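These notes concern the structure reproduced below.
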Amino acid sequence: MTKLITLSEAINKFVEDGDTVYAAGFTHMIPFAAGHEIIRQEKKNLILARATPDLIYDQMVAAGCAKKVIFSYIGNPGVGSLRFVRAEIEAGRLEWEEYSHFSMISRLQAGATGLPFMPMNPTAAKDLEKANPFYRTVIDPYTGGEVVVVPPLKPDVAIVHVQRVDAEGNAQIWGIIGEQKEAAFAAERVIVTAEEIVDEAIIRSDPNRTVIPGFIVDAVCHVPYCAHPSYTQGYYDRDNSFYLAWDEISKTPESVNAYLDEWVYGIADRMEYWEKLGAEVHERLKVASLPSATVDYGKY
Amino acid sequence: MTKLITLSEAINKFVEDGDTVYAAGFTHMIPFAAGHEIIRQEKKNLILARATPDLIYDQMVAAGCAKKVIFSYIGNPGVGSLRFVRAEIEAGRLEWEEYSHFSMISRLQAGATGLPFMPMNPTAAKDLEKANPFYRTVIDPYTGGEVVVVPPLKPDVAIVHVQRVDAEGNAQIWGIIGEQKEAAFAAERVIVTAEEIVDEAIIRSDPNRTVIPGFIVDAVCHVPYCAHPSYTQGYYDRDNSFYLAWDEISKTPESVNAYLDEWVYGIADRMEYWEKLGAEVHERLKVASLPSATVDYGKY
Amino acid sequence: MNEITYTSSELLTINASRLLRDGDVVFVGVGLPNLACNLARRTHAPNLVMIYEAGVIGAQPARLPLSIGDPTLVSGALSVCSMYDIFAFYLQRGNVDVGFLGGAQIDRFGNINATVIGEYDHPKVRLPGSGGSMEIAAWANRCYIITPHQKRRFPEKVHFRTSAGYLSGRSEREAARLHGAGPLAVVTDLGVMEPDETGELVLTALHPGASEEQARENTGWDLKVASNLKTTDPLTAVELGILRNELDPERIYLKGGE
Amino acid sequence: MNEITYTSSELLTINASRLLRDGDVVFVGVGLPNLACNLARRTHAPNLVMIYEAGVIGAQPARLPLSIGDPTLVSGALSVCSMYDIFAFYLQRGNVDVGFLGGAQIDRFGNINATVIGEYDHPKVRLPGSGGSMEIAAWANRCYIITPHQKRRFPEKVHFRTSAGYLSGRSEREAARLHGAGPLAVVTDLGVMEPDETGELVLTALHPGASEEQARENTGWDLKVASNLKTTDPLTAVELGILRNELDPERIYLKGGE
């Protein structure tokens, strides 16, 4: 049963005001196009969860979509500060809930595996554990020691970008796989965006590569270049110059608004966005081919 | 730095009397050749851990190598009872420690991830939890409910068979991946046996396929057909007729001893074993090619 | 009209296959449950998703799998994951609709013993143990038990609870807050038993030709019979044809009960 | 003889690279630690295994990575795993020998603040937060802190302990039973500080040309000086050549301190 719909339909149908949204991808395959569509559809009061909010959450916060962020590192990766989120937090206008990377990902792991909590080894850096009441402790029944735990995170909706998927949502990812699988399994609803929609036979030719099974997926959207200015391994490079540019743009609300007007509100969809980027960017982000060795599954 | 040695050297060097041994592989790629070498080297008082002991542990128990088994299912897969282990347990001559599949694998997961324990959802079937004191409970600090937990399992040595590995031990597996990765990370020492030793460049052409990193591996052994009578995906089929034959052989100690004399003590290594199986078996277990689609990592 | 003849294995398999719904995600074992699932996929449930405890999702076996980890389950499957993941991300997370169970003993409340006859520490007969059944019985949304109807298999109380049915009654299971609803039906070669409001298994249907007496004689407790006792639909030539000609032509699993 | 000139970034990077041992498994960040690791790999530690919190193991970046998740880290790597796995199977399991750390504030006992200046609930300056550093500081066998030597960076006490050094003293860290030994050295552009038997950072080495006074003036606590104060080995032309010609020819990271 095909789940192919447009990204606009998917956001309209599966993202509601007030939802906890996990747009996955650790530096790789961040679903920017989905974030922009959420901005265009003027979703409100979202709780934006992501280990690393990256520029996409800066933009969604700037556009007024969010009431809260859940994160473990707010920075502009490789550049510096995530200015807009930081300013909103400093101004007391944005709620936040904070973890270390491992405790953030442990929350997703607990959510994805249906567990009541995940234990972690001690870090002895207790200030964050004191500041965030979701950190709790249990007594280790084997040693009597104290073990720090975090509860499951179960987002209302996960948005995951992948290289290839079939129409039913069976999705394959390579390169950095971050927390995509965990986010999809933890969430109540799953939107998959993909560079390519492929025949089921391609998926079935390499089942070990399939990270997300179709039956937990609600919508499949064909969105080439969805991840720009982040990247998709084997498809296009990271647009580092935009990460640097955002460091300037995000210095004032005016320049942020001008950016959103031109690149989000002012365009219809990712295809128009990509065309608007122009030939120089297309050329700069092109990647030469480096294919994997194949493996043999055998006919049985 | 190459870790290539013979299987005989690896067993001699890395398996000691009294060790807890985890010969991994859920029905797939069970390292029979390593089990036979352990029998030939007359290792004693081993604690044999495996979710599904399969015929290999039946043989090792019959050969007097083991004082205890740790398992979650003792059967001859697809055939019926695992006669020798069962008879030894019924006779009170073999210690055992028992789990469900998920709690067994959760023990490995805790061992592999360095966690003090793994929590599990309730099953309400409490008889095994009462019979095995390694099952404990903690209080869920979020709900006040009781959560069943199991402690880490950290075998002294894990033996893992793989399709291809480089000389440093970077190993790639496809098909059923069972608990291979968890066993390798949980164990103090790791022996990898492989169908093929490949150039590092093959491994590096598809890093997402690498399940075990070389730096946790102690020995790399080139052992084609290591898994017979189980199988290696893409290389050879399961020898179901041997699984059926074992059901007969294992009915008496005499026939078991005759088998061990002929097929284990009486031969030098896996190459001789494979030749001895003969052309009919070779032909019957051959597999036609079914290659995976490739993926593109891109030159960056 | 010709009478259709069949073995008890065929009877069990076909009735098990009818319990599956299109779109179900089913945790499949080898043997009869595997045949039942493949039959359902070829008849009324083409979108059945078959997953195996070995970590295989969406298998399309080209031949009859001879073990739970047969390589034919992997070639052409949709996805393969680790054993930890299949139990955690799939089963424990609540992503499995149906589990099939069996065992040496099934008691009045659907609890199953697959561990031991006699004392646990001094076993008279040592059985294979839980495998995945402890978790499947607790976490699959719906469970079905498929087994021949024999008195020794249906004691009043099992010697060892390997997996939970309704424990000492439905309220005890509810208090345990398990994700799964428990065993919804026990399909035997005589008929179907289903839990009543207390969780006790009662006879709710007979296969054509079977009698209440046969069922009561072959059950170890005082088997109640539902007031609206039904008769199961006869096996169809289509179902038998697929089983015999496509799924198990060598009758490896179907020969039972011939 | 010509004096070799260099930037403070080059000084930091080369001294950091010398702390690595052949065969170390090192958790690499972008920027200077990445350069330091690649330099070590090309000089005294060819068997260094570089792993990244993005889940990349054994990277061989063909170009200078511009973020922790740069695609050049993946192409040609030995292995890629999930973020959960890199923290659990690798770091938490004790498989990581070395972690590099930095932060806005480092205190007398090597505790680091990368979270907030001011009150946590009412931040004056909101910093990026822990990322992986809370775990790296606890679980990597050895940690090194690489940072410019400035008074505001070295307060007596951090405002917020994002990651643990020796807490209030070495005995407190020992009681916490962390896997890792804690920060073994702080490399600055003036010299090297190492923990004494109480866990307090004391000046143990100066770079050629730097003075005790400079170090004391730029440290927020009463900095002790080791009795056997050493001078670090001068940067070599080989080290600088690799850095400048091969690793960062555009001086993206090396320009700092010019």
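Residue numbering restarts at 1 in every chain; chains get A, B, ... in the order shown in the structure tokens, and ligands count up from 1 in that same order.
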* Can you check which residues of chain A have any atom within 8 Å of chain C? Use only C-alpha atoms and format it as an MDAnalysis selection string. => chainID A and resid 111:115 170 185 201 203:211 213 216 297:300
Could you turn the residues from that selection into a file that holds N, CA and C atoms, as a PDB file, in the first residue's frame?
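Generated file (part25.pdb):
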```
ATOM      1  N   GLY A 111      12.419   5.165  24.433  1.00  0.00           N
ATOM      2  CA  GLY A 111      11.161   5.346  23.710  1.00  0.00           C
ATOM      3  C   GLY A 111      11.013   4.344  22.584  1.00  0.00           C
ATOM      4  N   ALA A 112      12.100   4.095  21.877  1.00  0.00           N
ATOM      5  CA  ALA A 112      12.053   3.219  20.700  1.00  0.00           C
ATOM      6  C   ALA A 112      11.915   1.755  21.078  1.00  0.00           C
ATOM      7  N   THR A 113      12.399   1.385  22.253  1.00  0.00           N
ATOM      8  CA  THR A 113      12.381  -0.015  22.657  1.00  0.00           C
ATOM      9  C   THR A 113      11.266  -0.299  23.660  1.00  0.00           C
ATOM     10  N   GLY A 114      10.456   0.699  23.929  1.00  0.00           N
ATOM     11  CA  GLY A 114       9.327   0.493  24.826  1.00  0.00           C
ATOM     12  C   GLY A 114       9.713   0.301  26.274  1.00  0.00           C
ATOM     13  N   LEU A 115      10.942   0.666  26.645  1.00  0.00           N
ATOM     14  CA  LEU A 115      11.407   0.458  28.023  1.00  0.00           C
ATOM     15  C   LEU A 115      10.959   1.593  28.931  1.00  0.00           C
ATOM     16  N   ASN A 170       9.730   1.424   3.477  1.00  0.00           N
ATOM     17  CA  ASN A 170      10.927   0.668   3.878  1.00  0.00           C
ATOM     18  C   ASN A 170      12.156   1.468   3.450  1.00  0.00           C
ATOM     19  N   PHE A 185      11.258   4.746  15.585  1.00  0.00           N
ATOM     20  CA  PHE A 185      10.580   3.766  16.431  1.00  0.00           C
ATOM     21  C   PHE A 185       9.976   4.404  17.679  1.00  0.00           C
ATOM     22  N   ALA A 201      12.037  -4.034  -4.906  1.00  0.00           N
ATOM     23  CA  ALA A 201      13.066  -5.035  -5.213  1.00  0.00           C
ATOM     24  C   ALA A 201      14.469  -4.551  -4.839  1.00  0.00           C
ATOM     25  N   ILE A 203      15.150  -2.530  -2.301  1.00  0.00           N
ATOM     26  CA  ILE A 203      15.197  -2.687  -0.838  1.00  0.00           C
ATOM     27  C   ILE A 203      15.443  -4.164  -0.496  1.00  0.00           C
ATOM     28  N   ARG A 204      14.664  -5.026  -1.118  1.00  0.00           N
ATOM     29  CA  ARG A 204      14.753  -6.453  -0.797  1.00  0.00           C
ATOM     30  C   ARG A 204      16.076  -7.085  -1.252  1.00  0.00           C
ATOM     31  N   SER A 205      16.815  -6.396  -2.097  1.00  0.00           N
ATOM     32  CA  SER A 205      18.103  -6.953  -2.522  1.00  0.00           C
ATOM     33  C   SER A 205      19.163  -6.808  -1.426  1.00  0.00           C
ATOM     34  N   ASP A 206      18.873  -6.014  -0.408  1.00  0.00           N
ATOM     35  CA  ASP A 206      19.863  -5.787   0.662  1.00  0.00           C
ATOM     36  C   ASP A 206      19.152  -5.484   1.978  1.00  0.00           C
ATOM     37  N   PRO A 207      18.474  -6.492   2.530  1.00  0.00           N
ATOM     38  CA  PRO A 207      17.652  -6.223   3.730  1.00  0.00           C
ATOM     39  C   PRO A 207      18.442  -5.723   4.934  1.00  0.00           C
ATOM     40  N   ASN A 208      19.730  -6.087   5.048  1.00  0.00           N
ATOM     41  CA  ASN A 208      20.510  -5.589   6.187  1.00  0.00           C
ATOM     42  C   ASN A 208      20.689  -4.071   6.151  1.00  0.00           C
ATOM     43  N   ARG A 209      20.444  -3.462   5.001  1.00  0.00           N
ATOM     44  CA  ARG A 209      20.613  -2.017   4.873  1.00  0.00           C
ATOM     45  C   ARG A 209      19.363  -1.252   5.327  1.00  0.00           C
ATOM     46  N   THR A 210      18.257  -1.952   5.497  1.00  0.00           N
ATOM     47  CA  THR A 210      16.994  -1.278   5.808  1.00  0.00           C
ATOM     48  C   THR A 210      16.938  -0.910   7.287  1.00  0.00           C
ATOM     49  N   VAL A 211      16.851   0.372   7.569  1.00  0.00           N
ATOM     50  CA  VAL A 211      16.903   0.852   8.944  1.00  0.00           C
ATOM     51  C   VAL A 211      15.499   1.022   9.523  1.00  0.00           C
ATOM     52  N   PRO A 213      11.408  -0.033   8.955  1.00  0.00           N
ATOM     53  CA  PRO A 213      10.455  -0.858   8.216  1.00  0.00           C
ATOM     54  C   PRO A 213       9.207  -0.040   7.862  1.00  0.00           C
ATOM     55  N   ILE A 216       5.931   0.964  10.176  1.00  0.00           N
ATOM     56  CA  ILE A 216       5.832   2.010  11.203  1.00  0.00           C
ATOM     57  C   ILE A 216       5.800   3.412  10.579  1.00  0.00           C
ATOM     58  N   TYR A 297      23.797 -12.353  -1.144  1.00  0.00           N
ATOM     59  CA  TYR A 297      22.858 -12.971  -0.198  1.00  0.00           C
ATOM     60  C   TYR A 297      22.586 -14.438  -0.531  1.00  0.00           C
ATOM     61  N   GLY A 298      22.749 -14.778  -1.810  1.00  0.00           N
ATOM     62  CA  GLY A 298      22.501 -16.159  -2.208  1.00  0.00           C
ATOM     63  C   GLY A 298      21.024 -16.445  -2.420  1.00  0.00           C
ATOM     64  N   LYS A 299      20.757 -17.249  -3.449  1.00  0.00           N
ATOM     65  CA  LYS A 299      19.376 -17.707  -3.716  1.00  0.00           C
ATOM     66  C   LYS A 299      19.136 -18.973  -2.915  1.00  0.00           C
ATOM     67  N   TYR A 300      18.185 -18.969  -2.028  1.00  0.00           N
ATOM     68  CA  TYR A 300      17.900 -20.159  -1.224  1.00  0.00           C
ATOM     69  C   TYR A 300      16.482 -20.645  -1.499  1.00  0.00           C
TER      70      TYR A 300
END
```
* Asked: Near region 124-127 of chain D, counting only C-alpha atoms, which residues have an atom at most 7 Å away, once you skip same-chain residues fewer than 4 positions from it, shown as an MDAnalysis selection string?
  -> (chainID A and resid 86 90) or (chainID D and resid 114:118)
* Counting only C-alpha atoms, what is within 7 Å of region 26-38 of chain D, bar same-chain residues fewer than 6 positions away, as JSON, numbers by chain? -> {"D": [13, 14, 16, 17, 49, 50, 51, 52, 65, 66, 67, 68, 96, 97, 98, 99, 100, 247, 253]}
Based on the selection just made, write C-alpha atoms of those residues as a compact mmCIF listing (two decimals), in the first residue's frame.
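Output (again.txt):
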```txt
# COMPACT_ATOMS: atom_id res chain seq x y z
CA THR D 13 47.86 21.40 18.10
CA ILE D 14 51.38 20.04 18.02
CA ALA D 16 48.21 17.98 21.83
CA SER D 17 49.33 15.55 19.14
CA VAL D 49 42.07 4.85 15.61
CA MET D 50 39.99 7.98 15.20
CA ILE D 51 36.35 7.78 16.22
CA TYR D 52 33.74 10.52 16.11
CA PRO D 65 36.45 18.00 8.08
CA LEU D 66 34.42 21.14 8.67
CA SER D 67 31.97 19.62 11.11
CA ILE D 68 31.80 16.66 13.43
CA VAL D 96 37.97 4.77 24.15
CA ASP D 97 41.49 5.62 25.28
CA VAL D 98 41.55 9.35 24.77
CA GLY D 99 39.07 12.21 24.72
CA PHE D 100 39.79 15.84 23.97
CA LEU D 247 46.30 19.13 7.00
CA TYR D 253 41.83 26.30 12.07
```
* Asked: Closest to chain B among A:Gly92, A:Pro122, A:Gly278, A:Pro224, using only C-alpha atoms?
  -> A:Pro122
If you take only C-alpha atoms and a cut-off of 9 Å, which residues of chain A touch chain B, and what are their nearest atom pairs and distances in Å to one decimal, in chain and number order, as JSON lines?
```
{"residue": "A:Gly114", "atom": "CA", "partner": "B:Asn121", "partner_atom": "CA", "distance": 7.7}
{"residue": "A:Leu115", "atom": "CA", "partner": "B:Asn121", "partner_atom": "CA", "distance": 6.2}
{"residue": "A:Pro116", "atom": "CA", "partner": "B:Asp140", "partner_atom": "CA", "distance": 7.3}
{"residue": "A:Phe117", "atom": "CA", "partner": "B:Pro119", "partner_atom": "CA", "distance": 7.5}
{"residue": "A:Met118", "atom": "CA", "partner": "B:Pro119", "partner_atom": "CA", "distance": 7.3}
{"residue": "A:Pro119", "atom": "CA", "partner": "B:Leu115", "partner_atom": "CA", "distance": 7.1}
{"residue": "A:Met120", "atom": "CA", "partner": "B:Leu115", "partner_atom": "CA", "distance": 6.3}
{"residue": "A:Asn121", "atom": "CA", "partner": "B:Leu115", "partner_atom": "CA", "distance": 6.3}
{"residue": "A:Phe134", "atom": "CA", "partner": "B:Tyr142", "partner_atom": "CA", "distance": 8.7}
{"residue": "A:Arg136", "atom": "CA", "partner": "B:Pro141", "partner_atom": "CA", "distance": 6.6}
{"residue": "A:Thr137", "atom": "CA", "partner": "B:Pro141", "partner_atom": "CA", "distance": 6.9}
{"residue": "A:Val138", "atom": "CA", "partner": "B:Pro141", "partner_atom": "CA", "distance": 6.6}
{"residue": "A:Ile139", "atom": "CA", "partner": "B:Val138", "partner_atom": "CA", "distance": 6.8}
{"residue": "A:Asp140", "atom": "CA", "partner": "B:Pro116", "partner_atom": "CA", "distance": 7.3}
{"residue": "A:Pro141", "atom": "CA", "partner": "B:Arg136", "partner_atom": "CA", "distance": 6.6}
{"residue": "A:Tyr142", "atom": "CA", "partner": "B:Pro151", "partner_atom": "CA", "distance": 7.5}
{"residue": "A:Thr143", "atom": "CA", "partner": "B:Pro116", "partner_atom": "CA", "distance": 8.8}
{"residue": "A:Val147", "atom": "CA", "partner": "B:Pro116", "partner_atom": "CA", "distance": 8.0}
{"residue": "A:Val149", "atom": "CA", "partner": "B:Pro141", "partner_atom": "CA", "distance": 8.6}
{"residue": "A:Pro151", "atom": "CA", "partner": "B:Tyr142", "partner_atom": "CA", "distance": 7.5}
{"residue": "A:Trp174", "atom": "CA", "partner": "B:Asn208", "partner_atom": "CA", "distance": 6.2}
{"residue": "A:Gly175", "atom": "CA", "partner": "B:Asn208", "partner_atom": "CA", "distance": 6.7}
{"residue": "A:Ile176", "atom": "CA", "partner": "B:Asn208", "partner_atom": "CA", "distance": 8.3}
{"residue": "A:Ile177", "atom": "CA", "partner": "B:Asn208", "partner_atom": "CA", "distance": 8.7}
{"residue": "A:Ile202", "atom": "CA", "partner": "B:Ala293", "partner_atom": "CA", "distance": 6.4}
{"residue": "A:Ile203", "atom": "CA", "partner": "B:Ala293", "partner_atom": "CA", "distance": 8.3}
{"residue": "A:Arg204", "atom": "CA", "partner": "B:Ser292", "partner_atom": "CA", "distance": 8.5}
{"residue": "A:Ser205", "atom": "CA", "partner": "B:Ser292", "partner_atom": "CA", "distance": 4.8}
{"residue": "A:Asp206", "atom": "CA", "partner": "B:Ser292", "partner_atom": "CA", "distance": 5.1}
{"residue": "A:Pro207", "atom": "CA", "partner": "B:Gly175", "partner_atom": "CA", "distance": 7.9}
{"residue": "A:Asn208", "atom": "CA", "partner": "B:Trp174", "partner_atom": "CA", "distance": 6.2}
{"residue": "A:Arg209", "atom": "CA", "partner": "B:Arg209", "partner_atom": "CA", "distance": 8.1}
{"residue": "A:Gln233", "atom": "CA", "partner": "B:Tyr297", "partner_atom": "CA", "distance": 5.7}
{"residue": "A:Gly234", "atom": "CA", "partner": "B:Gly298", "partner_atom": "CA", "distance": 4.0}
{"residue": "A:Tyr235", "atom": "CA", "partner": "B:Gly298", "partner_atom": "CA", "distance": 7.1}
{"residue": "A:Tyr236", "atom": "CA", "partner": "B:Gly298", "partner_atom": "CA", "distance": 8.2}
{"residue": "A:Asp237", "atom": "CA", "partner": "B:Tyr300", "partner_atom": "CA", "distance": 7.6}
{"residue": "A:Val287", "atom": "CA", "partner": "B:Gly298", "partner_atom": "CA", "distance": 5.7}
{"residue": "A:Ala288", "atom": "CA", "partner": "B:Lys299", "partner_atom": "CA", "distance": 5.2}
{"residue": "A:Ser289", "atom": "CA", "partner": "B:Gly298", "partner_atom": "CA", "distance": 4.7}
{"residue": "A:Leu290", "atom": "CA", "partner": "B:Gly298", "partner_atom": "CA", "distance": 4.5}
{"residue": "A:Pro291", "atom": "CA", "partner": "B:Asp296", "partner_atom": "CA", "distance": 4.2}
{"residue": "A:Ser292", "atom": "CA", "partner": "B:Ser205", "partner_atom": "CA", "distance": 4.8}
{"residue": "A:Ala293", "atom": "CA", "partner": "B:Ser205", "partner_atom": "CA", "distance": 6.0}
{"residue": "A:Thr294", "atom": "CA", "partner": "B:Thr294", "partner_atom": "CA", "distance": 5.5}
{"residue": "A:Val295", "atom": "CA", "partner": "B:Ser292", "partner_atom": "CA", "distance": 5.5}
{"residue": "A:Asp296", "atom": "CA", "partner": "B:Pro291", "partner_atom": "CA", "distance": 4.2}
{"residue": "A:Tyr297", "atom": "CA", "partner": "B:Gly234", "partner_atom": "CA", "distance": 4.3}
{"residue": "A:Gly298", "atom": "CA", "partner": "B:Gly234", "partner_atom": "CA", "distance": 4.0}
{"residue": "A:Lys299", "atom": "CA", "partner": "B:Ala288", "partner_atom": "CA", "distance": 5.2}
{"residue": "A:Tyr300", "atom": "CA", "partner": "B:Val287", "partner_atom": "CA", "distance": 6.7}
```
* To do: Give me every alpha helix (DSSP H) residue in region 59-189 of chain B, going by DSSP on the backbone, as JSON, numbers by chain.
  => {"B": [59, 60, 61, 62, 83, 84, 85, 86, 87, 88, 89, 90, 101, 102, 103, 104, 105, 106, 107, 108, 109, 110, 111, 112, 113, 127, 128, 129, 130, 131, 180, 181, 182, 183, 184, 185, 186]}
Hey, can you spit out that residue selection with N, CA, C and O atoms as a compact mmCIF listing (two decimals), in the first residue's frame?
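Output below, filename out-v3.txt:
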```
# COMPACT_ATOMS: atom_id res chain seq x y z
N GLN B 59 27.71 -31.16 21.36
CA GLN B 59 28.96 -31.88 21.10
C GLN B 59 30.03 -31.53 22.14
O GLN B 59 30.76 -32.40 22.62
N MET B 60 30.13 -30.27 22.49
CA MET B 60 31.15 -29.86 23.47
C MET B 60 30.84 -30.42 24.86
O MET B 60 31.75 -30.80 25.60
N VAL B 61 29.55 -30.45 25.19
CA VAL B 61 29.16 -31.06 26.47
C VAL B 61 29.47 -32.56 26.44
O VAL B 61 30.05 -33.12 27.38
N ALA B 62 29.13 -33.20 25.33
CA ALA B 62 29.38 -34.64 25.20
C ALA B 62 30.87 -34.95 25.30
O ALA B 62 31.27 -35.98 25.84
N ARG B 83 19.49 -33.58 22.68
CA ARG B 83 19.45 -34.74 23.56
C ARG B 83 20.55 -34.80 24.61
O ARG B 83 20.32 -35.14 25.75
N PHE B 84 21.77 -34.51 24.21
CA PHE B 84 22.85 -34.73 25.16
C PHE B 84 22.80 -33.74 26.32
O PHE B 84 22.89 -34.12 27.49
N VAL B 85 22.64 -32.46 26.00
CA VAL B 85 22.55 -31.45 27.06
C VAL B 85 21.37 -31.77 27.97
O VAL B 85 21.47 -31.72 29.20
N ARG B 86 20.26 -32.12 27.35
CA ARG B 86 19.06 -32.44 28.12
C ARG B 86 19.31 -33.61 29.07
O ARG B 86 18.97 -33.55 30.26
N ALA B 87 19.94 -34.67 28.57
CA ALA B 87 20.19 -35.85 29.40
C ALA B 87 21.14 -35.51 30.55
O ALA B 87 20.94 -35.96 31.69
N GLU B 88 22.14 -34.70 30.28
CA GLU B 88 23.08 -34.32 31.33
C GLU B 88 22.40 -33.49 32.41
O GLU B 88 22.70 -33.63 33.60
N ILE B 89 21.52 -32.61 31.98
CA ILE B 89 20.78 -31.80 32.96
C ILE B 89 19.86 -32.70 33.78
O ILE B 89 19.82 -32.62 35.02
N GLU B 90 19.13 -33.57 33.10
CA GLU B 90 18.21 -34.46 33.82
C GLU B 90 18.96 -35.39 34.78
O GLU B 90 18.44 -35.75 35.84
N HIS B 101 14.81 -15.57 25.75
CA HIS B 101 15.67 -14.97 24.73
C HIS B 101 15.98 -13.51 25.05
O HIS B 101 17.12 -13.06 24.99
N PHE B 102 14.94 -12.74 25.37
CA PHE B 102 15.18 -11.31 25.53
C PHE B 102 16.05 -11.03 26.75
O PHE B 102 16.90 -10.14 26.71
N SER B 103 15.86 -11.78 27.83
CA SER B 103 16.70 -11.49 29.00
C SER B 103 18.13 -11.97 28.77
O SER B 103 19.09 -11.32 29.22
N MET B 104 18.30 -13.06 28.04
CA MET B 104 19.65 -13.51 27.68
C MET B 104 20.36 -12.43 26.86
O MET B 104 21.51 -12.05 27.14
N ILE B 105 19.66 -11.94 25.85
CA ILE B 105 20.27 -10.94 24.96
C ILE B 105 20.42 -9.60 25.67
O ILE B 105 21.36 -8.84 25.39
N SER B 106 19.53 -9.32 26.60
CA SER B 106 19.68 -8.09 27.40
C SER B 106 20.92 -8.17 28.28
O SER B 106 21.58 -7.16 28.51
N ARG B 107 21.25 -9.38 28.78
CA ARG B 107 22.48 -9.54 29.54
C ARG B 107 23.69 -9.21 28.65
O ARG B 107 24.61 -8.51 29.07
N LEU B 108 23.68 -9.72 27.44
CA LEU B 108 24.78 -9.40 26.51
C LEU B 108 24.82 -7.91 26.18
O LEU B 108 25.89 -7.31 26.11
N GLN B 109 23.63 -7.34 25.97
CA GLN B 109 23.56 -5.91 25.64
C GLN B 109 24.17 -5.08 26.78
O GLN B 109 24.94 -4.15 26.55
N ALA B 110 23.83 -5.44 28.02
CA ALA B 110 24.40 -4.73 29.16
C ALA B 110 25.92 -4.92 29.19
O ALA B 110 26.67 -3.97 29.43
N GLY B 111 26.36 -6.15 28.92
CA GLY B 111 27.80 -6.40 28.90
C GLY B 111 28.49 -5.60 27.81
O GLY B 111 29.57 -5.04 28.01
N ALA B 112 27.87 -5.54 26.65
CA ALA B 112 28.48 -4.88 25.49
C ALA B 112 28.50 -3.37 25.63
O ALA B 112 29.36 -2.70 25.05
N THR B 113 27.55 -2.82 26.36
CA THR B 113 27.45 -1.37 26.47
C THR B 113 27.99 -0.87 27.80
O THR B 113 27.90 0.33 28.09
N ASP B 127 8.00 -17.64 37.14
CA ASP B 127 8.66 -18.85 37.64
C ASP B 127 10.16 -18.86 37.33
O ASP B 127 10.97 -19.24 38.18
N LEU B 128 10.53 -18.43 36.14
CA LEU B 128 11.95 -18.43 35.80
C LEU B 128 12.68 -17.34 36.60
O LEU B 128 13.81 -17.54 37.05
N GLU B 129 12.02 -16.20 36.77
CA GLU B 129 12.62 -15.12 37.57
C GLU B 129 12.88 -15.59 39.00
O GLU B 129 13.84 -15.15 39.63
N LYS B 130 11.99 -16.46 39.49
CA LYS B 130 12.19 -16.98 40.85
C LYS B 130 13.31 -18.03 40.87
O LYS B 130 14.05 -18.14 41.84
N ALA B 131 13.42 -18.81 39.79
CA ALA B 131 14.39 -19.90 39.76
C ALA B 131 15.82 -19.42 39.54
O ALA B 131 16.78 -20.09 39.91
N GLN B 180 25.89 -11.33 17.37
CA GLN B 180 27.34 -11.34 17.12
C GLN B 180 28.04 -10.09 17.65
O GLN B 180 29.06 -10.17 18.33
N LYS B 181 27.48 -8.95 17.30
CA LYS B 181 28.09 -7.69 17.72
C LYS B 181 28.11 -7.58 19.24
O LYS B 181 29.14 -7.23 19.84
N GLU B 182 26.98 -7.88 19.86
CA GLU B 182 26.87 -7.76 21.32
C GLU B 182 27.86 -8.72 22.00
O GLU B 182 28.51 -8.36 22.98
N ALA B 183 27.97 -9.94 21.48
CA ALA B 183 28.89 -10.91 22.09
C ALA B 183 30.33 -10.40 21.99
O ALA B 183 31.10 -10.49 22.95
N ALA B 184 30.69 -9.86 20.84
CA ALA B 184 32.06 -9.38 20.66
C ALA B 184 32.38 -8.22 21.60
O ALA B 184 33.45 -8.20 22.23
N PHE B 185 31.47 -7.27 21.69
CA PHE B 185 31.73 -6.12 22.56
C PHE B 185 31.67 -6.50 24.04
O PHE B 185 32.34 -5.89 24.87
N ALA B 186 30.85 -7.49 24.37
CA ALA B 186 30.71 -7.87 25.78
C ALA B 186 31.95 -8.62 26.27
O ALA B 186 32.31 -8.52 27.44
```
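Distance-wise, CA of Asn240 (chain B) and CA of Thr20 (chain B) end up 28.7 Å apart.
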* Can you tell me, as a PyMOL selection string, what residues are no more than 7 Å from His149 (chain C) when counting only C-alpha atoms, ignoring any on the same chain fewer than 2 positions away? -> chain C and resi 147+151+188-190+218
Take the residues that were just selected and, keeping C-alpha atoms, output them as a compact mmCIF listing (two decimals), in the first residue's frame.
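Output (selection.txt):
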```
# COMPACT_ATOMS: atom_id res chain seq x y z
CA THR C 147 -1.65 -27.50 19.56
CA LYS C 151 -5.25 -34.50 27.95
CA THR C 188 -6.72 -27.64 18.49
CA ASP C 189 -7.56 -30.47 16.15
CA LEU C 190 -10.96 -30.71 17.83
CA ASN C 218 -9.06 -34.67 26.14
```
